[in-house]
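J.: Supplied in structure tokens, the structure appears directly below.
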Amino acid sequence: MSMRIYAYYKDSYLTKLTTRVNDIKHIDNDSMWIKLDDTVFYPGGGGQASDKGTLNHLPVDEVKREGDDIWHRLSSTDSIKTGAQVNVSIDWPHRYYNMQQHSGQHLLSSVLNRFGYPTVSVHLGDIITLIEIENGVPEDQKLAQIESEANALIRAAKPIQMHITSPSEAGHFPLRRAPVEVDELRIVQMEDADCVACGGTHVRNTSEIGYIKIAGTEKIRGRVRVQCYIGKMADEYFSGLHQSSEALKKLLNTDYDDFPERVKQLLADKRTYKREKNKLEQTILEWKARDLVTQLEPDAPVVHHIPGEHVAEQAFYMARFILNELQKTTLITANERFYLGVPPLTQKDAREFMNEHGQRFGMKGGGSPDFVQGKAKNLPLEQIEQALHTWLERS
Ligand SMILES: [Zn+2]
């Protein structure tokens, strides 16, 4: 049996058709599947989405192929009967976008193949098209060469022809990959570029692809995906880049070729400022710590809270400084964290204080005999100061 040849298969540019309802399948009250004598609706496949459109001005919600038949799903079930004449029409911008993406993918796959990267699978997305290849990641220089050759073939405006043939005749064509077995084959031939058996929809000339921009590569399941913007999406990609570039030009007061150098310098400056800021903060904390100590009785613990957000690091620094440099018992809190330092000269173990009082004050944490840190909410500083005092004075 020979494969059915539908209107879309013969002519990708056919957008409307008057045909007859061949069969109807009712699924439920809300929708029905319609088989037509012929159709302009591509049912999807080979990484390309199916068509959108209308049947007698009613929206077609879904199209699918079942064996040799193509079925169209409609949500309204009235008024359409088997044998009736109907007008079908596809959403042309949607279809043309798919034709551009699909033909662009053919062209790029053929160039990738010539460079030793055969295509394994493709995904034509709404924004980006992904081509999964074998044999690893092409070097940047090679990718640039591949992109340049693909675009040269677009500029050369090569015709794209379709030949409906049979498997025996298909052998005469220089096919890029072995065809999937079907009774009747359609060969899609891009002059000087590509030749494959394919049932999808294509533009007539490589110039209609517009432009191909390879945006990058990603590794996935041991294979490599080439990310590319084709046709209309390449335009949008460039326009987005241009907008960002114009904004950066103003912000950085330089042209785009200087962006990397300028940003590198800014990041280096930021690191320097951060280092200097930390040093200054530490100096202030040390000064503050000494000031706190002078206000206390000689053996009293230094209990202090640092208010504000993102100050836990400062609290840690202050506690370590009071412990190591000033040899004082201290409890510093900040951002629901606490740092407890108990110098060895007290002959006390900070963990012991935690065992005795930690639960009472809601302190959770751990550490060494001279330093314990952890989490605690709203510590009652006066009570804890009193507890520390008593604990230190006990022999
Ligand atoms: Zn194709």
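Lettering and numbering for the structure tokens are positional, with chains as A, B, ... in the shown order, residues counted from 1 in each chain, and ligands counted from 1 in the shown order.
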Would you name the residues within 8 Å of ligand 1, counting only C-alpha atoms and all ligand atoms, and put them as an NGL selection string?

T.: :A and (46 or 102-103 or 106 or 188 or 196-202)

J.: Check the DSSP output for the backbone and give back, as a list in words, the residues of range 258-345 of chain A in strand (DSSP E).

T.: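 Written out, the strand (DSSP E) residues of range 258-345 of chain A are Val302, Val303, His304, His305, Thr330, Leu331, Ile332, Thr333, Ala334, Arg337, Phe338, Tyr339, Leu340 and Gly341 of chain A.
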
J.: Please provide as a PyMOL selection string all residues within 12 Å of Glu66 in chain A, with the sequence filter that same-chain residues fewer than 5 positions apart are discarded (counting only C-alpha atoms).

T.: chain A and resi 4+33+35+43-44+71-72

J.: Write the residues of the preceding selection, restricted to N, CA and C atoms, as a PDB file, in the first residue's frame.

T.:
ATOM      1  N   ARG A   4      -0.441   7.815   1.879  1.00  0.00           N
ATOM      2  CA  ARG A   4      -1.285   8.938   1.473  1.00  0.00           C
ATOM      3  C   ARG A   4      -0.444  10.190   1.275  1.00  0.00           C
ATOM      4  N   TRP A  33     -13.100  14.356  16.848  1.00  0.00           N
ATOM      5  CA  TRP A  33     -11.970  14.257  15.928  1.00  0.00           C
ATOM      6  C   TRP A  33     -12.531  14.117  14.512  1.00  0.00           C
ATOM      7  N   LYS A  35     -11.668  13.496  10.368  1.00  0.00           N
ATOM      8  CA  LYS A  35     -10.738  13.085   9.307  1.00  0.00           C
ATOM      9  C   LYS A  35     -11.273  13.701   8.017  1.00  0.00           C
ATOM     10  N   PRO A  43       0.705  17.391  10.728  1.00  0.00           N
ATOM     11  CA  PRO A  43       0.355  16.763  12.010  1.00  0.00           C
ATOM     12  C   PRO A  43       1.484  16.757  13.041  1.00  0.00           C
ATOM     13  N   GLY A  44       2.630  17.346  12.705  1.00  0.00           N
ATOM     14  CA  GLY A  44       3.750  17.360  13.644  1.00  0.00           C
ATOM     15  C   GLY A  44       4.669  16.175  13.434  1.00  0.00           C
ATOM     16  N   TRP A  71      -5.988  13.372  11.873  1.00  0.00           N
ATOM     17  CA  TRP A  71      -7.209  13.735  12.602  1.00  0.00           C
ATOM     18  C   TRP A  71      -7.088  15.147  13.166  1.00  0.00           C
ATOM     19  N   HIS A  72      -8.210  15.877  13.108  1.00  0.00           N
ATOM     20  CA  HIS A  72      -8.266  17.262  13.586  1.00  0.00           C
ATOM     21  C   HIS A  72      -9.261  17.310  14.729  1.00  0.00           C
TER      22      HIS A  72
END

J.: Can you list, as a short mmCIF file (atom, residue, chain, number, x, y, z; two decimals) with N, CA and C atoms, in the first residue's frame, every protein, DNA or RNA residue that comes within 7 Å of Val342 in chain A when you count only C-alpha atoms, leaving out same-chain residues fewer than 4 positions away?

T.:
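See out_12.cif below for the written result:
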data_model
loop_
_atom_site.label_atom_id
_atom_site.label_comp_id
_atom_site.auth_asym_id
_atom_site.auth_seq_id
_atom_site.Cartn_x
_atom_site.Cartn_y
_atom_site.Cartn_z
N LEU A 323 38.15 37.44 73.02
CA LEU A 323 38.68 36.20 73.60
C LEU A 323 40.21 36.14 73.47
N LYS A 328 39.16 38.02 77.61
CA LYS A 328 37.97 38.21 78.44
C LYS A 328 36.88 37.23 78.03
N THR A 329 36.02 36.88 79.00
CA THR A 329 34.84 36.08 78.68
C THR A 329 33.84 37.00 77.99
N THR A 330 33.24 36.51 76.91
CA THR A 330 32.34 37.39 76.15
C THR A 330 31.20 36.63 75.49
N LYS A 348 37.57 27.49 82.80
CA LYS A 348 36.18 27.08 82.60
C LYS A 348 36.00 26.55 81.18
N ALA A 350 33.42 26.48 78.07
CA ALA A 350 32.23 27.16 77.53
C ALA A 350 31.08 26.18 77.28
N ASP A 370 36.96 26.78 74.68
CA ASP A 370 37.05 28.25 74.79
C ASP A 370 36.11 29.01 73.84
N PHE A 371 35.43 28.30 72.93
CA PHE A 371 34.57 29.04 72.00
C PHE A 371 33.38 28.20 71.53
#

J.: Do you know which residues are at most 8 Å from range 294-310 of chain A counting only C-alpha atoms, after dropping those on the same chain fewer than 3 positions away, and could you put them as a list in words?

T.: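 In the requested form, the answer reads Arg290, Asp291, Glu313, Ala315, Lys328, Thr329, Thr330, Leu331, Ile332, Thr333, Ala334, Asn335, Leu381, Glu385, Leu388 and His389 of chain A.
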
J.: Please extract the residues of range 189-355 of chain A with a backbone DSSP assignment of helix (DSSP H, G or I) and present them as a PyMOL selection string.

T.: chain A and resi 206-209+232-252+256-294+312-324+344-346+350-355

J.: I'd like the neighbourhood of range 231-248 of chain A as a PyMOL selection string, where a residue qualifies if any of its atoms comes within 9 Å (using only C-alpha atoms), though same-chain residues fewer than 6 positions away should be ignored.

T.: chain A and resi 97+100-101+104+126-128+208-213+254-256+259

J.: To one decimal in Å, tell me the separation between CA of Trp92 in chain A and CA of Thr119 in chain A.

T.: 28.0 Å

J.: Rank nothing, just name the residue among A:Arg271, A:Phe353, A:Ser148, A:Glu325 nearest to Ala289 in chain A, using only C-alpha atoms.

T.: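 Among the listed residues, A:Glu325 lies closest to Ala289 in chain A.
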
J.: So, counting only C-alpha atoms, which residue among A:Asn205, A:Lys377, A:Arg360, A:Leu340 is closest to Arg155 in chain A?

T.: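 Distance minimum relative to Arg155 in chain A lands on A:Asn205.
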
J.: Between CA of Ser121 in chain A and CA of Ile133 in chain A, what is the distance in Å, rounded to a tenth?

T.: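 Interatomic distance, CA of Ser121 in chain A to CA of Ile133 in chain A: 7.3 Å.
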
J.: Give the answer as one residue: which of A:Pro174, A:Val311, A:Arg320, A:Ser368 has the shortest atom-to-atom distance to Glu352 in chain A, using only C-alpha atoms?

T.: A:Ser368

J.: Using CA of Leu74 in chain A and CA of Val60 in chain A as the two end points, give the distance in Å to one decimal.

T.: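 That distance, rounded to one decimal, is 5.1 Å.
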
J.: Find the residues around Lys10 in chain A up to 12 Å (only C-alpha atoms counted), leave out those fewer than 5 positions away in its own chain, and share them as a PDB file with N, CA and C atoms, in the first residue's frame.

T.:
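Ended up saving to around.pdb:
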ATOM      1  N   ARG A   4      -0.441   7.815   1.879  1.00  0.00           N
ATOM      2  CA  ARG A   4      -1.285   8.938   1.473  1.00  0.00           C
ATOM      3  C   ARG A   4      -0.444  10.190   1.275  1.00  0.00           C
ATOM      4  N   ILE A   5      -0.662  10.913   0.197  1.00  0.00           N
ATOM      5  CA  ILE A   5       0.040  12.176  -0.038  1.00  0.00           C
ATOM      6  C   ILE A   5      -0.954  13.302   0.222  1.00  0.00           C
ATOM      7  N   ASP A  38      -8.638  15.497   2.437  1.00  0.00           N
ATOM      8  CA  ASP A  38      -7.272  16.015   2.271  1.00  0.00           C
ATOM      9  C   ASP A  38      -7.084  17.127   3.291  1.00  0.00           C
ATOM     10  N   THR A  39      -5.813  17.507   3.569  1.00  0.00           N
ATOM     11  CA  THR A  39      -5.610  18.574   4.568  1.00  0.00           C
ATOM     12  C   THR A  39      -4.347  19.387   4.313  1.00  0.00           C
ATOM     13  N   VAL A  40      -4.385  20.641   4.785  1.00  0.00           N
ATOM     14  CA  VAL A  40      -3.181  21.493   4.760  1.00  0.00           C
ATOM     15  C   VAL A  40      -2.515  21.498   6.141  1.00  0.00           C
ATOM     16  N   PHE A  41      -3.101  20.791   7.098  1.00  0.00           N
ATOM     17  CA  PHE A  41      -2.566  20.751   8.469  1.00  0.00           C
ATOM     18  C   PHE A  41      -1.413  19.751   8.581  1.00  0.00           C
ATOM     19  N   TYR A  42      -0.227  20.249   8.968  1.00  0.00           N
ATOM     20  CA  TYR A  42       0.896  19.358   9.250  1.00  0.00           C
ATOM     21  C   TYR A  42       0.654  18.735  10.627  1.00  0.00           C
ATOM     22  N   GLN A 161      14.347  22.027  -2.948  1.00  0.00           N
ATOM     23  CA  GLN A 161      13.373  21.289  -3.751  1.00  0.00           C
ATOM     24  C   GLN A 161      12.911  20.043  -3.043  1.00  0.00           C
ATOM     25  N   MET A 162      11.695  19.627  -3.383  1.00  0.00           N
ATOM     26  CA  MET A 162      11.168  18.392  -2.814  1.00  0.00           C
ATOM     27  C   MET A 162      10.896  17.395  -3.931  1.00  0.00           C
ATOM     28  N   HIS A 163      11.270  16.145  -3.713  1.00  0.00           N
ATOM     29  CA  HIS A 163      11.016  15.095  -4.701  1.00  0.00           C
ATOM     30  C   HIS A 163      10.270  13.979  -3.999  1.00  0.00           C
ATOM     31  N   ILE A 164       9.088  13.680  -4.512  1.00  0.00           N
ATOM     32  CA  ILE A 164       8.367  12.535  -3.952  1.00  0.00           C
ATOM     33  C   ILE A 164       8.817  11.309  -4.732  1.00  0.00           C
ATOM     34  N   THR A 165       9.332  10.319  -4.025  1.00  0.00           N
ATOM     35  CA  THR A 165      10.013   9.205  -4.681  1.00  0.00           C
ATOM     36  C   THR A 165       9.727   7.893  -3.947  1.00  0.00           C
ATOM     37  N   LEU A 185       8.645   8.017  -0.260  1.00  0.00           N
ATOM     38  CA  LEU A 185       9.562   8.918   0.425  1.00  0.00           C
ATOM     39  C   LEU A 185       9.523  10.294  -0.199  1.00  0.00           C
ATOM     40  N   ARG A 186       9.749  11.304   0.621  1.00  0.00           N
ATOM     41  CA  ARG A 186       9.945  12.616   0.055  1.00  0.00           C
ATOM     42  C   ARG A 186      11.364  13.078   0.380  1.00  0.00           C
ATOM     43  N   ILE A 187      12.098  13.431  -0.661  1.00  0.00           N
ATOM     44  CA  ILE A 187      13.472  13.887  -0.480  1.00  0.00           C
ATOM     45  C   ILE A 187      13.473  15.412  -0.504  1.00  0.00           C
ATOM     46  N   VAL A 188      14.126  16.005   0.495  1.00  0.00           N
ATOM     47  CA  VAL A 188      14.239  17.458   0.543  1.00  0.00           C
ATOM     48  C   VAL A 188      15.679  17.802   0.213  1.00  0.00           C
ATOM     49  N   GLY A 199       9.548  14.503   6.086  1.00  0.00           N
ATOM     50  CA  GLY A 199       8.117  14.729   5.874  1.00  0.00           C
ATOM     51  C   GLY A 199       7.629  16.067   6.401  1.00  0.00           C
ATOM     52  N   GLY A 200       8.543  16.919   6.876  1.00  0.00           N
ATOM     53  CA  GLY A 200       8.164  18.208   7.465  1.00  0.00           C
ATOM     54  C   GLY A 200       7.854  19.265   6.422  1.00  0.00           C
ATOM     55  N   THR A 201       7.692  20.506   6.862  1.00  0.00           N
ATOM     56  CA  THR A 201       7.416  21.598   5.942  1.00  0.00           C
ATOM     57  C   THR A 201       8.656  22.492   5.836  1.00  0.00           C
ATOM     58  N   HIS A 202       8.922  22.984   4.631  1.00  0.00           N
ATOM     59  CA  HIS A 202      10.171  23.718   4.381  1.00  0.00           C
ATOM     60  C   HIS A 202       9.925  24.965   3.552  1.00  0.00           C
TER      61      HIS A 202
END
